[in-house]
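**Student:** Here you go, final04.pdb (PDB, C-alpha atoms, pLDDT in the B column):
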ATOM      1  CA  MET B 601       2.163 113.817  40.622  1.00 61.00           C
ATOM      2  CA  GLY B 602       2.175 111.098  38.048  1.00 68.00           C
ATOM      3  CA  LYS B 603       0.626 107.672  38.100  1.00 74.00           C
ATOM      4  CA  PHE B 604       4.010 106.068  38.886  1.00 70.00           C
ATOM      5  CA  ASP B 605       5.553 108.617  41.284  1.00 67.00           C
ATOM      6  CA  GLY B 606       7.911 106.914  43.699  1.00 69.00           C
ATOM      7  CA  VAL B 607       7.901 103.585  41.850  1.00 71.00           C
ATOM      8  CA  LEU B 608      11.174 101.810  41.168  1.00 73.00           C
ATOM      9  CA  LEU B 609      10.956  99.531  38.139  1.00 76.00           C
ATOM     10  CA  VAL B 610      13.512  96.762  37.800  1.00 83.00           C
ATOM     11  CA  SER B 611      13.593  94.484  34.764  1.00 83.00           C
ATOM     12  CA  ASP B 612      15.097  91.104  34.045  1.00 85.00           C
ATOM     13  CA  PHE B 613      17.479  91.264  31.093  1.00 87.00           C
ATOM     14  CA  ASP B 614      17.646  88.140  28.904  1.00 84.00           C
ATOM     15  CA  ASP B 615      14.430  87.371  27.040  1.00 82.00           C
ATOM     16  CA  THR B 616      12.602  90.147  28.903  1.00 84.00           C
ATOM     17  CA  LEU B 617      14.170  93.566  28.334  1.00 83.00           C
ATOM     18  CA  TYR B 618      16.697  92.156  25.835  1.00 83.00           C
ATOM     19  CA  ASP B 619      14.987  89.849  23.362  1.00 82.00           C
ATOM     20  CA  SER B 620      15.942  86.617  21.644  1.00 79.00           C
ATOM     21  CA  HIS B 621      17.256  88.684  18.701  1.00 80.00           C
ATOM     22  CA  CYS B 622      19.888  90.248  21.004  1.00 76.00           C
ATOM     23  CA  GLN B 623      18.359  93.713  21.097  1.00 81.00           C
ATOM     24  CA  VAL B 624      16.007  95.818  23.179  1.00 85.00           C
ATOM     25  CA  PRO B 625      12.779  95.936  21.164  1.00 88.00           C
ATOM     26  CA  ARG B 626      11.280  99.328  20.373  1.00 89.00           C
ATOM     27  CA  ARG B 627       8.136  98.372  22.346  1.00 90.00           C
ATOM     28  CA  ASN B 628      10.248  97.976  25.510  1.00 87.00           C
ATOM     29  CA  LEU B 629      11.908 101.362  25.021  1.00 84.00           C
ATOM     30  CA  GLU B 630       8.500 102.955  24.384  1.00 87.00           C
ATOM     31  CA  ALA B 631       7.123 101.353  27.559  1.00 84.00           C
ATOM     32  CA  LEU B 632      10.039 102.823  29.542  1.00 78.00           C
ATOM     33  CA  ASP B 633       9.337 106.249  28.022  1.00 77.00           C
ATOM     34  CA  ARG B 634       5.631 106.004  28.991  1.00 80.00           C
ATOM     35  CA  PHE B 635       6.576 104.977  32.514  1.00 77.00           C
ATOM     36  CA  LEU B 636       8.891 107.968  32.902  1.00 71.00           C
ATOM     37  CA  ALA B 637       6.359 110.346  31.346  1.00 75.00           C
ATOM     38  CA  GLN B 638       3.815 109.327  33.990  1.00 74.00           C
ATOM     39  CA  GLY B 639       6.134 110.045  36.890  1.00 67.00           C
ATOM     40  CA  GLY B 640       7.918 106.741  37.102  1.00 59.00           C
ATOM     41  CA  ARG B 641      11.272 106.763  38.765  1.00 54.00           C
ATOM     42  CA  PHE B 642      14.067 104.344  38.197  1.00 48.00           C
ATOM     43  CA  THR B 643      16.069 105.698  41.156  1.00 42.00           C
ATOM     44  CA  GLY B 644      17.262 109.087  39.972  1.00 39.00           C
ATOM     45  CA  GLY B 645      14.952 109.130  36.959  1.00 47.00           C
ATOM     46  CA  VAL B 646      16.437 106.257  35.010  1.00 48.00           C
ATOM     47  CA  PHE B 647      16.412 102.467  35.053  1.00 64.00           C
ATOM     48  CA  THR B 648      18.007  99.372  36.557  1.00 80.00           C
ATOM     49  CA  VAL B 649      18.221  95.676  35.768  1.00 89.00           C
ATOM     50  CA  SER B 650      18.297  92.449  37.752  1.00 91.00           C
ATOM     51  CA  THR B 651      19.910  89.620  35.813  1.00 90.00           C
ATOM     52  CA  GLY B 652      21.421  86.202  36.177  1.00 87.00           C
ATOM     53  CA  ARG B 653      24.412  87.435  34.229  1.00 88.00           C
ATOM     54  CA  ALA B 654      27.713  88.201  35.921  1.00 89.00           C
ATOM     55  CA  LYS B 655      29.339  91.628  35.558  1.00 92.00           C
ATOM     56  CA  ARG B 656      31.581  90.358  32.771  1.00 89.00           C
ATOM     57  CA  THR B 657      28.654  89.182  30.659  1.00 89.00           C
ATOM     58  CA  PHE B 658      26.310  92.103  31.382  1.00 91.00           C
ATOM     59  CA  ALA B 659      28.771  95.030  31.166  1.00 92.00           C
ATOM     60  CA  PRO B 660      28.795  95.151  27.337  1.00 89.00           C
ATOM     61  CA  TYR B 661      25.025  95.826  27.446  1.00 86.00           C
ATOM     62  CA  ALA B 662      24.839  98.245  30.381  1.00 87.00           C
ATOM     63  CA  HIS B 663      24.675 101.198  27.978  1.00 82.00           C
ATOM     64  CA  ILE B 664      21.633  99.915  26.033  1.00 80.00           C
ATOM     65  CA  VAL B 665      19.115 101.602  28.341  1.00 76.00           C
ATOM     66  CA  PRO B 666      19.663 104.534  30.703  1.00 71.00           C
ATOM     67  CA  ILE B 667      20.696 102.664  33.859  1.00 77.00           C
ATOM     68  CA  ASN B 668      21.178 105.026  36.777  1.00 74.00           C
ATOM     69  CA  ALA B 669      20.882 102.686  39.739  1.00 82.00           C
ATOM     70  CA  PRO B 670      22.950  99.754  40.907  1.00 92.00           C
ATOM     71  CA  VAL B 671      22.362  96.563  38.942  1.00 94.00           C
ATOM     72  CA  VAL B 672      21.590  93.203  40.542  1.00 95.00           C
ATOM     73  CA  LEU B 673      23.912  90.602  38.981  1.00 93.00           C
ATOM     74  CA  SER B 674      24.713  86.902  39.198  1.00 90.00           C
ATOM     75  CA  ASN B 675      21.218  85.771  40.140  1.00 87.00           C
ATOM     76  CA  GLY B 676      21.172  88.144  43.094  1.00 90.00           C
ATOM     77  CA  SER B 677      24.597  87.388  44.537  1.00 91.00           C
ATOM     78  CA  ALA B 678      26.046  90.782  43.595  1.00 94.00           C
ATOM     79  CA  ILE B 679      25.017  94.413  43.308  1.00 96.00           C
ATOM     80  CA  TYR B 680      27.189  96.528  41.039  1.00 96.00           C
ATOM     81  CA  ASP B 681      27.201 100.292  40.482  1.00 95.00           C
ATOM     82  CA  PHE B 682      28.248 100.889  36.870  1.00 93.00           C
ATOM     83  CA  GLN B 683      28.497 104.652  37.445  1.00 89.00           C
ATOM     84  CA  LYS B 684      31.006 104.210  40.266  1.00 94.00           C
ATOM     85  CA  ASP B 685      32.519 101.088  38.667  1.00 95.00           C
ATOM     86  CA  GLU B 686      32.378  99.140  41.920  1.00 95.00           C
ATOM     87  CA  PHE B 687      30.654  96.254  43.624  1.00 95.00           C
ATOM     88  CA  LEU B 688      28.393  97.344  46.463  1.00 97.00           C
ATOM     89  CA  VAL B 689      27.606  93.796  47.566  1.00 95.00           C
ATOM     90  CA  GLN B 690      29.078  90.414  46.696  1.00 94.00           C
ATOM     91  CA  THR B 691      28.087  87.134  48.266  1.00 95.00           C
ATOM     92  CA  TYR B 692      29.637  83.751  47.648  1.00 95.00           C
ATOM     93  CA  LEU B 693      28.681  80.119  47.776  1.00 94.00           C
ATOM     94  CA  SER B 694      29.834  78.076  50.743  1.00 95.00           C
ATOM     95  CA  PRO B 695      33.357  76.633  50.575  1.00 95.00           C
ATOM     96  CA  SER B 696      31.648  73.211  50.610  1.00 95.00           C
ATOM     97  CA  ALA B 697      30.000  73.943  47.226  1.00 95.00           C
ATOM     98  CA  PRO B 698      32.527  71.921  45.171  1.00 94.00           C
ATOM     99  CA  GLN B 699      31.961  68.810  47.282  1.00 93.00           C
ATOM    100  CA  ASP B 700      28.196  69.350  47.243  1.00 93.00           C
ATOM    101  CA  LEU B 701      28.168  69.773  43.463  1.00 90.00           C
ATOM    102  CA  ASP B 702      30.358  66.716  42.925  1.00 88.00           C
ATOM    103  CA  GLY B 703      27.549  64.700  44.505  1.00 90.00           C
ATOM    104  CA  VAL B 704      24.891  66.391  42.378  1.00 93.00           C
ATOM    105  CA  MET B 705      26.893  65.824  39.204  1.00 90.00           C
ATOM    106  CA  GLU B 706      27.380  62.152  40.100  1.00 91.00           C
ATOM    107  CA  ALA B 707      23.647  61.703  40.631  1.00 95.00           C
ATOM    108  CA  PHE B 708      22.768  63.590  37.424  1.00 94.00           C
ATOM    109  CA  PRO B 709      25.601  62.963  34.923  1.00 91.00           C
ATOM    110  CA  GLN B 710      23.770  64.797  32.111  1.00 91.00           C
ATOM    111  CA  LEU B 711      24.110  68.145  33.947  1.00 92.00           C
ATOM    112  CA  GLY B 712      26.587  70.762  32.891  1.00 92.00           C
ATOM    113  CA  MET B 713      27.946  73.275  35.369  1.00 91.00           C
ATOM    114  CA  GLU B 714      29.255  76.846  35.351  1.00 91.00           C
ATOM    115  CA  ALA B 715      31.052  78.505  38.247  1.00 92.00           C
ATOM    116  CA  TYR B 716      32.019  82.167  38.429  1.00 91.00           C
ATOM    117  CA  HIS B 717      35.202  83.216  40.205  1.00 92.00           C
ATOM    118  CA  GLY B 718      35.677  86.947  39.870  1.00 86.00           C
ATOM    119  CA  GLU B 719      35.408  87.674  36.153  1.00 85.00           C
ATOM    120  CA  ASP B 720      36.399  84.135  35.157  1.00 91.00           C
ATOM    121  CA  ILE B 721      33.948  81.408  34.195  1.00 92.00           C
ATOM    122  CA  PHE B 722      34.711  77.735  34.731  1.00 96.00           C
ATOM    123  CA  ILE B 723      32.688  74.850  33.324  1.00 96.00           C
ATOM    124  CA  TRP B 724      32.495  71.139  33.898  1.00 94.00           C
ATOM    125  CA  ASN B 725      30.704  68.564  31.758  1.00 95.00           C
ATOM    126  CA  PRO B 726      29.418  71.121  29.240  1.00 95.00           C
ATOM    127  CA  ASN B 727      26.239  70.139  27.435  1.00 93.00           C
ATOM    128  CA  PRO B 728      24.184  71.876  24.715  1.00 93.00           C
ATOM    129  CA  TRP B 729      22.614  74.231  27.309  1.00 90.00           C
ATOM    130  CA  THR B 730      26.041  75.210  28.620  1.00 92.00           C
ATOM    131  CA  TRP B 731      27.225  76.077  25.103  1.00 93.00           C
ATOM    132  CA  TYR B 732      23.950  77.881  24.347  1.00 89.00           C
ATOM    133  CA  HIS B 733      24.354  80.030  27.459  1.00 86.00           C
ATOM    134  CA  LEU B 734      28.021  80.849  26.784  1.00 90.00           C
ATOM    135  CA  ASN B 735      27.261  81.704  23.150  1.00 89.00           C
ATOM    136  CA  LYS B 736      24.307  83.883  24.091  1.00 84.00           C
ATOM    137  CA  ALA B 737      26.411  85.715  26.675  1.00 84.00           C
ATOM    138  CA  ARG B 738      29.222  85.949  24.108  1.00 85.00           C
ATOM    139  CA  CYS B 739      31.854  84.744  26.514  1.00 88.00           C
ATOM    140  CA  THR B 740      34.405  82.026  26.972  1.00 92.00           C
ATOM    141  CA  ALA B 741      35.030  79.659  29.839  1.00 95.00           C
ATOM    142  CA  THR B 742      37.740  77.366  31.114  1.00 97.00           C
ATOM    143  CA  GLU B 743      36.809  73.698  31.274  1.00 97.00           C
ATOM    144  CA  CYS B 744      38.179  71.869  34.292  1.00 96.00           C
ATOM    145  CA  PRO B 745      37.107  69.447  37.035  1.00 94.00           C
ATOM    146  CA  ILE B 746      34.991  70.961  39.791  1.00 94.00           C
ATOM    147  CA  GLN B 747      37.657  70.407  42.458  1.00 93.00           C
ATOM    148  CA  GLU B 748      40.199  72.412  40.382  1.00 96.00           C
ATOM    149  CA  MET B 749      37.996  75.484  39.989  1.00 96.00           C
ATOM    150  CA  PRO B 750      39.300  78.416  42.056  1.00 97.00           C
ATOM    151  CA  GLN B 751      37.081  79.725  44.831  1.00 95.00           C
ATOM    152  CA  PRO B 752      35.129  81.586  46.054  1.00 95.00           C
ATOM    153  CA  TRP B 753      32.248  81.190  43.593  1.00 94.00           C
ATOM    154  CA  GLY B 754      29.751  83.972  43.033  1.00 87.00           C
TER     155      GLY B 754
END
What do you get writing this file as structure tokens?

**Tutor:**
Amino acid sequence: MGKFDGVLLVSDFDDTLYDSHCQVPRRNLEALDRFLAQGGRFTGGVFTVSTGRAKRTFAPYAHIVPINAPVVLSNGSAIYDFQKDEFLVQTYLSPSAPQDLDGVMEAFPQLGMEAYHGEDIFIWNPNPWTWYHLNKARCTATECPIQEMPQPWG
């Protein structure tokens, strides 16, 4: 029995497992190796991630570390099994979200917004943080008014 027998380790992705240089640092890979060597289990002997990214923006990186458990995506609103290529759980914002966010955006006009509908990303009032996030995730988005964004939103 190792020090970490029966322990499931789940890591955040951006700026935790995956660094600001867009790579998994050697020290993180070595830490995973030490964990496994001491009996750690990442469900089936590998690793999983919990990230704010949607499937579309995380999928290109799913091969970086040996993931062998479902991944928590979209800030917890989805669980996706990359081995089976299927969603196990998907939850959505309330249908009133567009009206609610219209009010928020009116009160705070400097805010930018992203909404995810399936694999598509929609933005309204993009600001430098919006562009930073889209560039970091290496994805594109469609800019349109909140009320024109298709629903449901993940």

**Student:** Which residues are near B:His621? Cut-off 12 Å, all atoms listed in the file, ignore same chain within fewer than 6 positions. Put them as an MDAnalysis selection string.

**Tutor:** chainID B and resid 614:615 736

**Student:** Spell out the residues picked by the PyMOL selection byres ((chain B and resi 708-724) around 12) here, as a PyMOL selection string.

**Tutor:** chain B and resi 652-659+673-675+677-678+687+690-693+697-698+701-707+725-734+737+739-754

**Student:** Which one is closest to B:Lys684: B:Pro625, B:Val607, B:Asn668, B:Gln699? Count all atoms listed in the file.

**Tutor:**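 Looking at the shortest contact to B:Lys684, the residue is B:Asn668.
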
**Student:** Looking at all atoms listed in the file, which of B:Lys603, B:Pro660, B:Phe635, B:Asn628 is the one that sits closest to B:Arg738?

**Tutor:** B:Pro660

**Student:** Hey, which of B:Pro670, B:Pro695, B:Leu629, B:Asp681 ends up closest to B:Val610? Count all atoms listed in the file.

**Tutor:**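 Between B:Pro670, B:Pro695, B:Leu629, B:Asp681, the residue approaching B:Val610 most closely is B:Pro670.
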
**Student:** Would you compute the distance between atom CA of B:Ser620 and atom CA of B:Ile667? Give it in Å to one decimal.

**Tutor:**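 Answer for the atom CA of B:Ser620 to atom CA of B:Ile667 separation: 20.7 Å.
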
**Student:** Mind pulling up the distance from atom CA of B:Asn735 to atom CA of B:Glu686?

**Tutor:**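 Taking atom CA of B:Glu686 as the start and atom CA of B:Asn735 as the end point, the length is 26.1 Å.
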
**Student:** Quote the spacing between atom CA of B:Asp685 and atom CA of B:Arg626 in Å to one decimal place.

**Tutor:** 28.1 Å

**Student:** My list of candidates is B:Val624, B:Asp700, B:Asp612, B:Thr651. Which is closest to B:Tyr680 when distances are computed with all atoms listed in the file?

**Tutor:**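 Among the listed residues, B:Thr651 lies closest to B:Tyr680.
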